[in-house]
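Structure below is structure02.txt: compact mmCIF, C-alpha atoms.
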# COMPACT_ATOMS: atom_id res chain seq x y z
CA MET A 1 20.78 18.16 -24.25
CA GLU A 2 22.85 14.98 -24.02
CA GLN A 3 23.34 13.69 -20.50
CA ALA A 4 27.11 13.50 -21.04
CA ARG A 5 27.16 17.25 -21.72
CA ILE A 6 24.99 17.99 -18.65
CA SER A 7 27.38 15.92 -16.56
CA GLU A 8 30.35 17.89 -17.91
CA MET A 9 28.71 21.22 -17.15
CA LEU A 10 27.76 20.21 -13.62
CA GLN A 11 31.24 18.82 -12.87
CA GLU A 12 32.81 22.00 -14.23
CA PHE A 13 30.57 24.06 -11.93
CA LEU A 14 31.23 21.95 -8.82
CA GLY A 15 34.96 21.47 -9.38
CA ASP A 16 36.60 19.45 -6.59
CA ARG A 17 33.29 19.07 -4.76
CA VAL A 18 32.40 16.16 -7.05
CA VAL A 19 32.82 12.91 -5.10
CA ASP A 20 32.05 10.55 -7.94
CA ALA A 21 30.61 10.63 -11.46
CA GLY A 22 29.87 7.99 -14.01
CA GLU A 23 27.69 6.51 -16.70
CA PHE A 24 25.66 3.30 -17.01
CA ARG A 25 23.79 2.43 -20.21
CA GLY A 26 23.69 6.03 -21.34
CA GLN A 27 22.53 7.42 -18.01
CA HIS A 28 24.98 9.74 -16.28
CA TRP A 29 25.19 10.73 -12.64
CA VAL A 30 27.20 12.99 -10.37
CA THR A 31 27.68 12.26 -6.67
CA VAL A 32 28.24 15.09 -4.17
CA ARG A 33 28.48 15.60 -0.41
CA PRO A 34 25.37 16.78 1.46
CA ASP A 35 26.74 20.33 1.86
CA SER A 36 27.02 20.73 -1.95
CA LEU A 37 23.60 19.29 -2.74
CA LEU A 38 21.66 22.56 -2.87
CA ASP A 39 24.34 24.19 -5.05
CA ALA A 40 24.28 21.29 -7.51
CA LEU A 41 20.49 21.05 -7.80
CA HIS A 42 20.01 24.82 -8.03
CA TYR A 43 22.66 25.02 -10.75
CA LEU A 44 20.67 22.44 -12.72
CA ARG A 45 17.43 24.33 -12.15
CA ASP A 46 18.62 27.91 -12.68
CA THR A 47 20.85 27.51 -15.73
CA PRO A 48 18.53 28.40 -18.65
CA GLU A 49 19.79 25.77 -21.10
CA LEU A 50 19.37 23.07 -18.40
CA ASP A 51 16.16 24.29 -16.70
CA PHE A 52 15.54 21.24 -14.50
CA ASN A 53 12.24 22.48 -13.14
CA MET A 54 10.86 19.11 -12.04
CA LEU A 55 12.00 16.78 -9.28
CA MET A 56 10.72 13.38 -10.37
CA ASP A 57 11.73 11.32 -7.37
CA ILE A 58 14.03 10.95 -4.41
CA GLY A 59 15.23 7.46 -3.59
CA GLY A 60 17.53 6.02 -0.96
CA VAL A 61 19.99 3.13 -1.16
CA ASP A 62 21.71 1.30 1.68
CA TYR A 63 25.11 0.08 0.42
CA SER A 64 26.23 -1.48 3.71
CA GLU A 65 26.15 -5.03 2.31
CA HIS A 66 26.99 -4.14 -1.27
CA PRO A 67 29.73 -6.26 -2.91
CA VAL A 68 31.51 -3.11 -4.10
CA PRO A 69 32.53 -1.30 -0.89
CA ARG A 70 32.02 2.45 -0.58
CA ALA A 71 33.35 4.99 1.90
CA TRP A 72 29.76 5.91 2.81
CA ARG A 73 26.77 3.82 3.85
CA PHE A 74 23.83 5.53 2.13
CA GLU A 75 23.22 7.25 -1.16
CA ILE A 76 20.21 9.36 -1.96
CA ALA A 77 19.40 9.75 -5.65
CA TYR A 78 17.59 12.84 -6.98
CA GLN A 79 15.93 12.19 -10.35
CA MET A 80 15.69 15.50 -12.19
CA TYR A 81 13.64 16.30 -15.28
CA SER A 82 13.26 19.35 -17.50
CA LEU A 83 9.80 19.88 -18.94
CA ALA A 84 11.09 22.52 -21.34
CA HIS A 85 14.01 20.53 -22.78
CA ASN A 86 12.77 16.98 -22.14
CA HIS A 87 16.05 15.83 -20.65
CA ARG A 88 16.86 14.04 -17.41
CA PHE A 89 19.74 13.85 -14.98
CA ARG A 90 20.58 12.08 -11.74
CA VAL A 91 22.35 13.64 -8.78
CA LYS A 92 23.38 11.45 -5.87
CA VAL A 93 24.34 12.40 -2.34
CA ALA A 94 26.84 10.35 -0.38
CA VAL A 95 25.70 10.02 3.25
CA GLU A 96 28.22 8.52 5.70
CA ASP A 97 25.62 7.30 8.20
CA ASP A 98 22.37 8.42 9.82
CA SER A 99 24.10 11.05 11.98
CA VAL A 100 24.60 13.16 8.83
CA GLU A 101 21.75 15.50 7.95
CA VAL A 102 20.93 16.19 4.32
CA PRO A 103 19.52 19.63 3.45
CA SER A 104 15.85 19.52 2.47
CA VAL A 105 14.97 20.78 -1.01
CA TRP A 106 11.24 21.20 -0.34
CA LYS A 107 11.48 25.00 -0.73
CA SER A 108 12.70 24.57 -4.31
CA TRP A 109 10.48 21.64 -5.29
CA ARG A 110 7.37 21.23 -3.11
CA THR A 111 7.06 17.58 -4.06
CA ALA A 112 10.21 16.92 -2.04
CA ASN A 113 8.12 17.25 1.13
CA TRP A 114 6.60 13.78 0.82
CA GLN A 115 9.54 12.24 -1.05
CA GLU A 116 11.94 13.16 1.75
CA ARG A 117 9.47 11.81 4.30
CA GLU A 118 9.54 8.49 2.44
CA VAL A 119 13.35 8.33 2.51
CA PHE A 120 13.28 9.22 6.20
CA ASP A 121 10.65 6.57 6.90
CA GLN A 122 12.41 3.75 5.04
CA PHE A 123 16.07 4.60 5.69
CA GLY A 124 16.11 6.91 8.73
CA ILE A 125 18.00 9.68 6.98
CA ARG A 126 17.19 13.10 8.43
CA PHE A 127 16.59 16.16 6.26
CA SER A 128 17.47 19.47 7.87
CA GLY A 129 14.91 22.22 7.31
CA HIS A 130 12.09 19.83 6.49
CA PRO A 131 8.77 21.23 7.81
CA ASN A 132 7.19 17.93 8.85
CA LEU A 133 9.63 15.04 8.96
CA ARG A 134 7.29 12.21 10.01
CA ARG A 135 6.71 8.68 8.74
CA ILE A 136 4.58 8.56 5.60
CA LEU A 137 4.28 4.87 4.56
CA ASN A 138 4.72 2.84 7.73
CA HIS A 139 2.35 3.23 10.64
CA ASP A 140 3.13 5.52 13.56
CA ASP A 141 3.96 2.69 16.00
CA PHE A 142 6.64 1.32 13.66
CA VAL A 143 10.14 1.06 15.14
CA GLY A 144 13.21 1.15 12.90
CA HIS A 145 13.62 1.67 9.18
CA PRO A 146 12.68 -1.36 7.08
CA LEU A 147 14.70 -0.79 3.90
CA ARG A 148 17.98 -0.72 5.79
CA LYS A 149 20.02 -3.85 5.20
CA ASP A 150 20.25 -4.53 8.95
CA TYR A 151 16.46 -4.59 9.39
CA PRO A 152 15.56 -8.25 10.12
CA ILE A 153 13.77 -9.53 7.04
CA ASN A 154 11.11 -11.41 9.04
CA ARG A 155 10.35 -8.80 11.70
CA ARG A 156 6.66 -7.82 11.71
CA GLN A 157 5.24 -4.88 13.59
CA LYS A 158 1.55 -4.78 14.32
CA LEU A 159 -0.58 -1.69 14.66
CA SER A 160 -3.28 -2.43 17.21
CA ARG A 161 -4.54 1.02 18.11
CA PRO A 162 -8.23 1.75 17.51
CA ILE A 163 -8.94 3.67 14.34
CA GLU A 164 -10.05 6.83 16.16
CA ASN A 165 -6.51 7.37 17.39
CA LEU A 166 -5.17 7.20 13.84
CA LEU A 167 -7.10 10.22 12.59
CA THR A 168 -5.57 13.62 13.07
CA ASP A 169 -6.83 17.18 13.26
CA ASP A 170 -3.31 18.53 12.99
CA PRO A 171 -3.38 21.52 10.57
CA ASP A 172 0.19 20.71 9.50
CA TRP A 173 -0.86 17.22 8.45
CA ALA A 174 0.23 17.58 4.84
CA MET B 1 -48.15 -35.53 2.53
CA GLY B 2 -50.00 -36.54 5.68
CA LEU B 3 -51.78 -33.89 7.73
CA GLU B 4 -50.76 -30.89 5.60
CA SER B 5 -52.74 -32.10 2.58
CA ARG B 6 -55.97 -32.40 4.58
CA SER B 7 -56.04 -28.72 5.63
CA GLU B 8 -58.05 -26.13 3.69
CA THR B 9 -55.18 -23.67 4.10
CA PRO B 10 -52.05 -25.24 2.64
CA TYR B 11 -49.06 -25.35 4.99
CA ILE B 12 -45.85 -27.28 5.45
CA THR B 13 -44.04 -28.44 8.58
CA THR B 14 -40.36 -27.60 8.86
CA THR B 15 -37.80 -26.11 11.25
CA VAL B 16 -37.00 -22.44 11.80
CA ASP B 17 -33.37 -23.08 10.89
CA ALA B 18 -34.28 -24.56 7.52
CA VAL B 19 -36.47 -21.60 6.53
CA VAL B 20 -34.23 -18.84 7.87
CA ASN B 21 -31.05 -20.35 6.44
CA TRP B 22 -32.77 -20.84 3.08
CA GLY B 23 -33.58 -17.14 3.07
CA ARG B 24 -30.14 -16.08 4.24
CA LYS B 25 -28.12 -18.11 1.80
CA TYR B 26 -29.85 -16.69 -1.28
CA SER B 27 -29.69 -13.07 -0.14
CA LEU B 28 -26.10 -12.44 0.89
CA TRP B 29 -25.33 -8.72 0.74
CA PRO B 30 -21.61 -8.28 0.08
CA MET B 31 -19.52 -5.43 1.44
CA PRO B 32 -16.50 -5.18 -0.89
CA PHE B 33 -13.27 -4.39 0.96
CA GLY B 34 -11.14 -3.98 -2.14
CA THR B 35 -7.52 -2.95 -1.70
CA ALA B 36 -5.83 -4.41 -4.78
CA CYS B 37 -6.29 -6.08 -8.18
CA CYS B 38 -8.71 -8.70 -6.80
CA ALA B 39 -11.20 -5.85 -6.47
CA ILE B 40 -10.85 -5.21 -10.21
CA GLU B 41 -11.62 -8.89 -10.79
CA PHE B 42 -14.69 -8.46 -8.61
CA MET B 43 -16.12 -6.05 -11.19
CA GLY B 44 -16.15 -8.93 -13.64
CA ILE B 45 -17.85 -11.13 -11.07
CA VAL B 46 -20.75 -8.73 -10.50
CA GLY B 47 -20.87 -7.82 -14.18
CA ASN B 48 -23.29 -9.44 -16.59
CA ARG B 49 -20.93 -12.10 -17.95
CA TYR B 50 -20.38 -13.99 -14.67
CA ASP B 51 -23.20 -12.28 -12.79
CA ILE B 52 -23.07 -13.10 -9.11
CA SER B 53 -26.77 -12.16 -8.86
CA ARG B 54 -27.54 -15.65 -10.18
CA PHE B 55 -26.60 -16.71 -6.65
CA GLY B 56 -28.45 -13.92 -4.87
CA ALA B 57 -25.35 -12.00 -3.81
CA GLU B 58 -25.45 -9.06 -6.18
CA LEU B 59 -26.65 -6.33 -3.82
CA VAL B 60 -23.27 -4.75 -3.12
CA ARG B 61 -23.41 -2.36 -0.16
CA PHE B 62 -20.70 0.17 0.53
CA SER B 63 -21.77 0.51 4.13
CA PRO B 64 -20.82 -2.37 6.43
CA ARG B 65 -23.98 -1.73 8.46
CA GLN B 66 -26.11 -2.90 5.52
CA ALA B 67 -24.05 -5.95 4.61
CA ASP B 68 -23.66 -9.48 5.91
CA LEU B 69 -20.85 -10.77 3.66
CA LEU B 70 -17.43 -9.15 3.96
CA LEU B 71 -15.44 -9.74 0.76
CA VAL B 72 -11.79 -8.98 1.47
CA MET B 73 -10.15 -8.55 -1.92
CA GLY B 74 -6.52 -7.59 -1.89
CA THR B 75 -3.39 -6.92 0.11
CA ILE B 76 -3.99 -5.86 3.72
CA THR B 77 -1.11 -3.85 5.17
CA GLN B 78 -0.37 -3.53 8.86
CA LYS B 79 -1.47 0.10 8.56
CA MET B 80 -4.83 -0.98 7.10
CA ALA B 81 -5.40 -3.75 9.66
CA PRO B 82 -7.33 -1.66 12.26
CA VAL B 83 -9.56 -0.34 9.47
CA LEU B 84 -10.50 -3.85 8.30
CA ARG B 85 -11.24 -4.89 11.87
CA GLN B 86 -13.43 -1.83 12.40
CA ILE B 87 -15.39 -2.53 9.21
CA TYR B 88 -15.96 -6.11 10.38
CA ASP B 89 -17.10 -4.94 13.83
CA GLN B 90 -19.58 -2.53 12.23
CA MET B 91 -21.38 -5.31 10.35
CA PRO B 92 -24.51 -6.61 12.06
CA ASP B 93 -24.89 -10.33 12.83
CA PRO B 94 -25.19 -12.69 11.12
CA LYS B 95 -22.07 -12.07 9.06
CA TRP B 96 -19.59 -14.05 7.03
CA VAL B 97 -16.17 -13.38 5.51
CA ILE B 98 -14.70 -14.51 2.19
CA SER B 99 -10.96 -14.04 1.79
CA MET B 100 -10.40 -13.55 -1.92
CA GLY B 101 -6.99 -14.22 -3.42
CA ALA B 102 -3.49 -15.05 -2.25
CA CYS B 103 -2.78 -11.70 -0.54
CA ALA B 104 -5.85 -11.64 1.69
CA SER B 105 -5.50 -15.34 2.52
CA SER B 106 -1.78 -15.51 3.25
CA GLY B 107 -0.06 -12.25 2.38
CA GLY B 108 0.69 -13.67 -1.08
CA PHE B 109 4.21 -12.97 -2.25
CA TYR B 110 4.36 -9.91 0.03
CA ASP B 111 6.24 -11.75 2.76
CA ASN B 112 7.61 -8.52 4.22
CA TYR B 113 7.51 -5.93 7.02
CA SER B 114 4.36 -4.14 5.92
CA VAL B 115 1.81 -6.79 4.93
CA VAL B 116 -0.48 -8.86 7.18
CA GLN B 117 0.21 -12.55 6.52
CA GLY B 118 -3.43 -13.54 6.10
CA ILE B 119 -6.52 -11.70 7.30
CA ASP B 120 -7.39 -14.55 9.67
CA GLU B 121 -5.00 -12.77 12.05
CA LEU B 122 -7.68 -10.05 12.20
CA VAL B 123 -11.13 -11.46 11.43
CA PRO B 124 -12.64 -14.99 11.30
CA VAL B 125 -12.70 -16.28 7.70
CA ASP B 126 -15.35 -18.64 6.37
CA VAL B 127 -14.07 -19.35 2.86
CA TYR B 128 -10.63 -18.83 1.34
CA VAL B 129 -10.27 -18.41 -2.41
CA ALA B 130 -6.97 -19.33 -4.06
CA GLY B 131 -5.64 -17.43 -7.06
CA CYS B 132 -3.78 -14.28 -7.99
CA PRO B 133 -6.32 -13.03 -8.80
CA PRO B 134 -8.88 -15.87 -8.69
CA ARG B 135 -11.02 -16.59 -11.73
CA PRO B 136 -14.63 -15.39 -11.39
CA GLU B 137 -15.81 -19.00 -11.36
CA ASN B 138 -13.58 -19.53 -8.35
CA VAL B 139 -15.23 -16.73 -6.37
CA ILE B 140 -18.71 -17.89 -7.39
CA GLY B 141 -17.61 -21.33 -6.15
CA ALA B 142 -16.73 -19.72 -2.83
CA VAL B 143 -20.18 -18.13 -2.60
CA VAL B 144 -21.77 -21.53 -3.23
CA LYS B 145 -19.50 -23.07 -0.59
CA LEU B 146 -20.60 -20.36 1.82
CA GLN B 147 -24.25 -21.06 1.00
CA GLU B 148 -23.67 -24.71 1.94
CA LYS B 149 -22.12 -23.56 5.20
CA VAL B 150 -25.04 -21.22 5.94
CA THR B 151 -27.43 -24.15 5.42
CA ARG B 152 -25.67 -26.12 8.15
CA GLU B 153 -25.74 -23.29 10.70
CA SER B 154 -28.13 -22.86 13.59
CA THR B 155 -30.00 -19.56 13.97
CA ALA B 156 -29.33 -19.84 17.70
CA GLN B 157 -25.60 -19.42 17.24
CA TRP B 158 -25.90 -15.80 16.12
CA ARG B 159 -27.72 -14.63 19.25
For the file at hand, write its structure as structure tokens.
Amino acid sequence: MEQARISEMLQEFLGDRVVDAGEFRGQHWVTVRPDSLLDALHYLRDTPELDFNMLMDIGGVDYSEHPVPRAWRFEIAYQMYSLAHNHRFRVKVAVEDDSVEVPSVWKSWRTANWQEREVFDQFGIRFSGHPNLRRILNHDDFVGHPLRKDYPINRRQKLSRPIENLLTDDPDWA
Amino acid sequence: MGLESRSETPYITTTVDAVVNWGRKYSLWPMPFGTACCAIEFMGIVGNRYDISRFGAELVRFSPRQADLLLVMGTITQKMAPVLRQIYDQMPDPKWVISMGACASSGGFYDNYSVVQGIDELVPVDVYVAGCPPRPENVIGAVVKLQEKVTRESTAQWR
């Protein structure tokens, strides 16, 4: 299905809960608030002619120094894909600041477990309902969130613990 | 040759350093610490076209306890830093380190929060190799450079 048509259907379903929607080079997106995220993604997944059964990626963006000002600081982009129909769509969430929690989607797409950990690690956005919201890329002694625009570009953080202390026997490790 | 030629059993007079270093420099056992594309280039170096065994350094060991040449090939992140140091500490003396490529030597173009800006922050480096990745000839040149360095060393310094 054409992305323009998917965008229409999703906007029709969400009604006034759509914050923003648009198109760039043939790729459409719809932006929602965190409390509408699960409704939007589950509509995409559970409507048979859409059938977005795969969550390709979750990515964060910090717009705090962006030339085009926004009413919110962060956006999180959910890249959706349908294996059955071979079509894609992008849903974005507008996040005011890091005090706002975004609902975790790991129960619907298990891959979201690690993807949300990455967004948490790099941007400090918290996902409510996540089973194991720990850092995944940066080391455990890291302070701050390096992909935020206010992270000093030349700040280095060393990990000097012996390797034994880095291994874990935590059964919830994954 | 003086006295040696008059003996029934042939022998030569030399120093311990000269003999031991001669043996060491032609039997370097590399431990490949490959974390990026330089490690792919290393396959070409040990392969038959460039063939690092011409210089006696072909016996690649994947245990640091059996190696005396640590080849660091690739980007070392802050998270990987304790691992590299532990591998180095596990190698028995005498041991040497070659830093292969821009990332291992200086962080390369990863001038950011997560990458160590040169492995000499962690381990002592004997030879740096420029390149991204270096040509095989370049790495073989580094091995030859290291052999020259081994020749100049004293066996006493490793005790």
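Minimum atom-to-atom distance to Arg155 in chain A, evaluated using all atoms listed in the file, belongs to A:Val143 out of A:Ile58, A:Val143, A:Val105, A:Val91.
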Residues within 10 Å of His28 in chain A, please, as a list of chain:residue names. Count only C-alpha atoms; anything in the same chain fewer than 6 positions from it doesn't count. A:Glu2, A:Gln3, A:Ala4, A:Arg5, A:Ile6, A:Ser7, A:Glu8, A:Ala21, A:Gly22, A:Arg88, A:Phe89, A:Arg90, A:Val91
Residue selection dump (C-alpha atoms) as a compact mmCIF listing (two decimals), in the frame of the given file:
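Below you can see selection.txt, which holds the result:
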# COMPACT_ATOMS: atom_id res chain seq x y z
CA GLU A 2 22.85 14.98 -24.02
CA GLN A 3 23.34 13.69 -20.50
CA ALA A 4 27.11 13.50 -21.04
CA ARG A 5 27.16 17.25 -21.72
CA ILE A 6 24.99 17.99 -18.65
CA SER A 7 27.38 15.92 -16.56
CA GLU A 8 30.35 17.89 -17.91
CA ALA A 21 30.61 10.63 -11.46
CA GLY A 22 29.87 7.99 -14.01
CA ARG A 88 16.86 14.04 -17.41
CA PHE A 89 19.74 13.85 -14.98
CA ARG A 90 20.58 12.08 -11.74
CA VAL A 91 22.35 13.64 -8.78
Against chain B, which residues of chain A fall within 9 Å? For each one I want the closest pair of atoms and the distance in Å (one decimal), counting all atoms listed in the file, rows by chain and increasing residue number, as CSV.
residue,atom,partner,partner_atom,distance
A:Leu137,CA,B:Lys79,CA,8.5
A:Asn138,CA,B:Lys79,CA,6.8
A:His139,CA,B:Lys79,CA,5.4
A:Asp140,CA,B:Lys79,CA,8.7
A:Pro146,CA,B:Tyr113,CA,6.9
A:Pro152,CA,B:Tyr113,CA,8.9
A:Ile153,CA,B:Asn112,CA,6.8
A:Asn154,CA,B:Asn112,CA,6.6
A:Arg155,CA,B:Tyr113,CA,6.2
A:Arg156,CA,B:Tyr113,CA,5.1
A:Gln157,CA,B:Tyr113,CA,7.0
A:Lys158,CA,B:Gln78,CA,5.9
A:Leu159,CA,B:Gln78,CA,6.1
A:Ser160,CA,B:Pro82,CA,6.4
A:Arg161,CA,B:Pro82,CA,7.0
A:Pro162,CA,B:Pro82,CA,6.3
A:Ile163,CA,B:Pro82,CA,5.9
Excluding same-chain residues fewer than 3 positions from Cys132 in chain B, what lies within 10 Å of it counting only C-alpha atoms, as an mmCIF file with C-alpha atoms, in the coordinates of the input?
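Written file, around24.cif:
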data_model
loop_
_atom_site.group_PDB
_atom_site.id
_atom_site.type_symbol
_atom_site.label_atom_id
_atom_site.label_comp_id
_atom_site.auth_asym_id
_atom_site.auth_seq_id
_atom_site.Cartn_x
_atom_site.Cartn_y
_atom_site.Cartn_z
ATOM 1 C CA CYS B 37 -6.290 -6.080 -8.180
ATOM 2 C CA CYS B 38 -8.710 -8.700 -6.800
ATOM 3 C CA GLU B 41 -11.620 -8.890 -10.790
ATOM 4 C CA GLY B 74 -6.520 -7.590 -1.890
ATOM 5 C CA MET B 100 -10.400 -13.550 -1.920
ATOM 6 C CA GLY B 101 -6.990 -14.220 -3.420
ATOM 7 C CA ALA B 102 -3.490 -15.050 -2.250
ATOM 8 C CA CYS B 103 -2.780 -11.700 -0.540
ATOM 9 C CA GLY B 108 0.690 -13.670 -1.080
ATOM 10 C CA PHE B 109 4.210 -12.970 -2.250
ATOM 11 C CA VAL B 129 -10.270 -18.410 -2.410
ATOM 12 C CA ARG B 135 -11.020 -16.590 -11.730
#
Using only C-alpha atoms, which protein or nucleic acid residues come within 12 Å of Arg24 in chain B? Drop anything in the same chain fewer than 4 positions from it, and give the result as number ranges by chain. B: 17-20, 28-29, 55-57, 67-69, 93-96, 146-155
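Of note, CA of His87 in chain A and CA of Phe120 in chain A are spaced 27.8 Å apart.
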Suppose you want the space between CA of Pro124 in chain B and CA of Val97 in chain B; what is it in Å? 7.0 Å
Please identify all polymer residues within 12 Å of Trp114 in chain A, counting only C-alpha atoms, omitting same-chain residues fewer than 5 positions from it, and present them as a short mmCIF file (atom, residue, chain, number, x, y, z; two decimals) with C-alpha atoms, keeping the file's coordinate frame.
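Listing of selection-v4.cif after writing:
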data_model
loop_
_atom_site.label_atom_id
_atom_site.label_comp_id
_atom_site.auth_asym_id
_atom_site.auth_seq_id
_atom_site.Cartn_x
_atom_site.Cartn_y
_atom_site.Cartn_z
CA LEU A 55 12.00 16.78 -9.28
CA MET A 56 10.72 13.38 -10.37
CA ASP A 57 11.73 11.32 -7.37
CA ILE A 58 14.03 10.95 -4.41
CA GLY A 59 15.23 7.46 -3.59
CA SER A 104 15.85 19.52 2.47
CA VAL A 105 14.97 20.78 -1.01
CA TRP A 106 11.24 21.20 -0.34
CA TRP A 109 10.48 21.64 -5.29
CA VAL A 119 13.35 8.33 2.51
CA PHE A 120 13.28 9.22 6.20
CA ASP A 121 10.65 6.57 6.90
CA PHE A 127 16.59 16.16 6.26
CA HIS A 130 12.09 19.83 6.49
CA PRO A 131 8.77 21.23 7.81
CA ASN A 132 7.19 17.93 8.85
CA LEU A 133 9.63 15.04 8.96
CA ARG A 134 7.29 12.21 10.01
CA ARG A 135 6.71 8.68 8.74
CA ILE A 136 4.58 8.56 5.60
CA LEU A 137 4.28 4.87 4.56
CA TRP A 173 -0.86 17.22 8.45
CA ALA A 174 0.23 17.58 4.84
#
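Going from CA of Gln66 in chain B over to CA of Asp126 in chain B, you cover 19.1 Å.
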Can you pull out every residue within 12 Å of Leu41 in chain A, counting only C-alpha atoms, but drop anything in the same chain fewer than 2 positions away, and send it as a short mmCIF file (atom, residue, chain, number, x, y, z; two decimals) with C-alpha atoms, keeping the file's coordinate frame?
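Output below, filename part.cif:
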data_model
loop_
_atom_site.label_atom_id
_atom_site.label_comp_id
_atom_site.auth_asym_id
_atom_site.auth_seq_id
_atom_site.Cartn_x
_atom_site.Cartn_y
_atom_site.Cartn_z
CA LEU A 10 27.76 20.21 -13.62
CA PHE A 13 30.57 24.06 -11.93
CA LEU A 14 31.23 21.95 -8.82
CA VAL A 30 27.20 12.99 -10.37
CA THR A 31 27.68 12.26 -6.67
CA VAL A 32 28.24 15.09 -4.17
CA PRO A 34 25.37 16.78 1.46
CA ASP A 35 26.74 20.33 1.86
CA SER A 36 27.02 20.73 -1.95
CA LEU A 37 23.60 19.29 -2.74
CA LEU A 38 21.66 22.56 -2.87
CA ASP A 39 24.34 24.19 -5.05
CA TYR A 43 22.66 25.02 -10.75
CA LEU A 44 20.67 22.44 -12.72
CA ARG A 45 17.43 24.33 -12.15
CA ASP A 46 18.62 27.91 -12.68
CA THR A 47 20.85 27.51 -15.73
CA LEU A 50 19.37 23.07 -18.40
CA ASP A 51 16.16 24.29 -16.70
CA PHE A 52 15.54 21.24 -14.50
CA ASN A 53 12.24 22.48 -13.14
CA MET A 54 10.86 19.11 -12.04
CA LEU A 55 12.00 16.78 -9.28
CA ALA A 77 19.40 9.75 -5.65
CA TYR A 78 17.59 12.84 -6.98
CA GLN A 79 15.93 12.19 -10.35
CA MET A 80 15.69 15.50 -12.19
CA TYR A 81 13.64 16.30 -15.28
CA PHE A 89 19.74 13.85 -14.98
CA ARG A 90 20.58 12.08 -11.74
CA VAL A 91 22.35 13.64 -8.78
CA LYS A 92 23.38 11.45 -5.87
CA VAL A 93 24.34 12.40 -2.34
CA PRO A 103 19.52 19.63 3.45
CA SER A 104 15.85 19.52 2.47
CA VAL A 105 14.97 20.78 -1.01
CA TRP A 106 11.24 21.20 -0.34
CA SER A 108 12.70 24.57 -4.31
CA TRP A 109 10.48 21.64 -5.29
#
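You can rank B:Ser106, B:Asn21, B:Thr15, B:Thr35 by their closest distance to Ile119 in chain B using only C-alpha atoms, and at the top of that list sits B:Ser106.
Within 12 Å of the point (-16.6, -12.5, -12.6) in file coordinates, and counting only C-alpha atoms, lie the residues Cys38, Ala39, Ile40, Glu41, Phe42, Met43, Gly44, Ile45, Val46, Gly47, Asn48, Arg49, Tyr50, Asp51, Ile52, Ser53, Arg54, Glu58, Pro133, Pro134, Arg135, Pro136, Glu137, Asn138, Val139, Ile140 and Gly141 of chain B.
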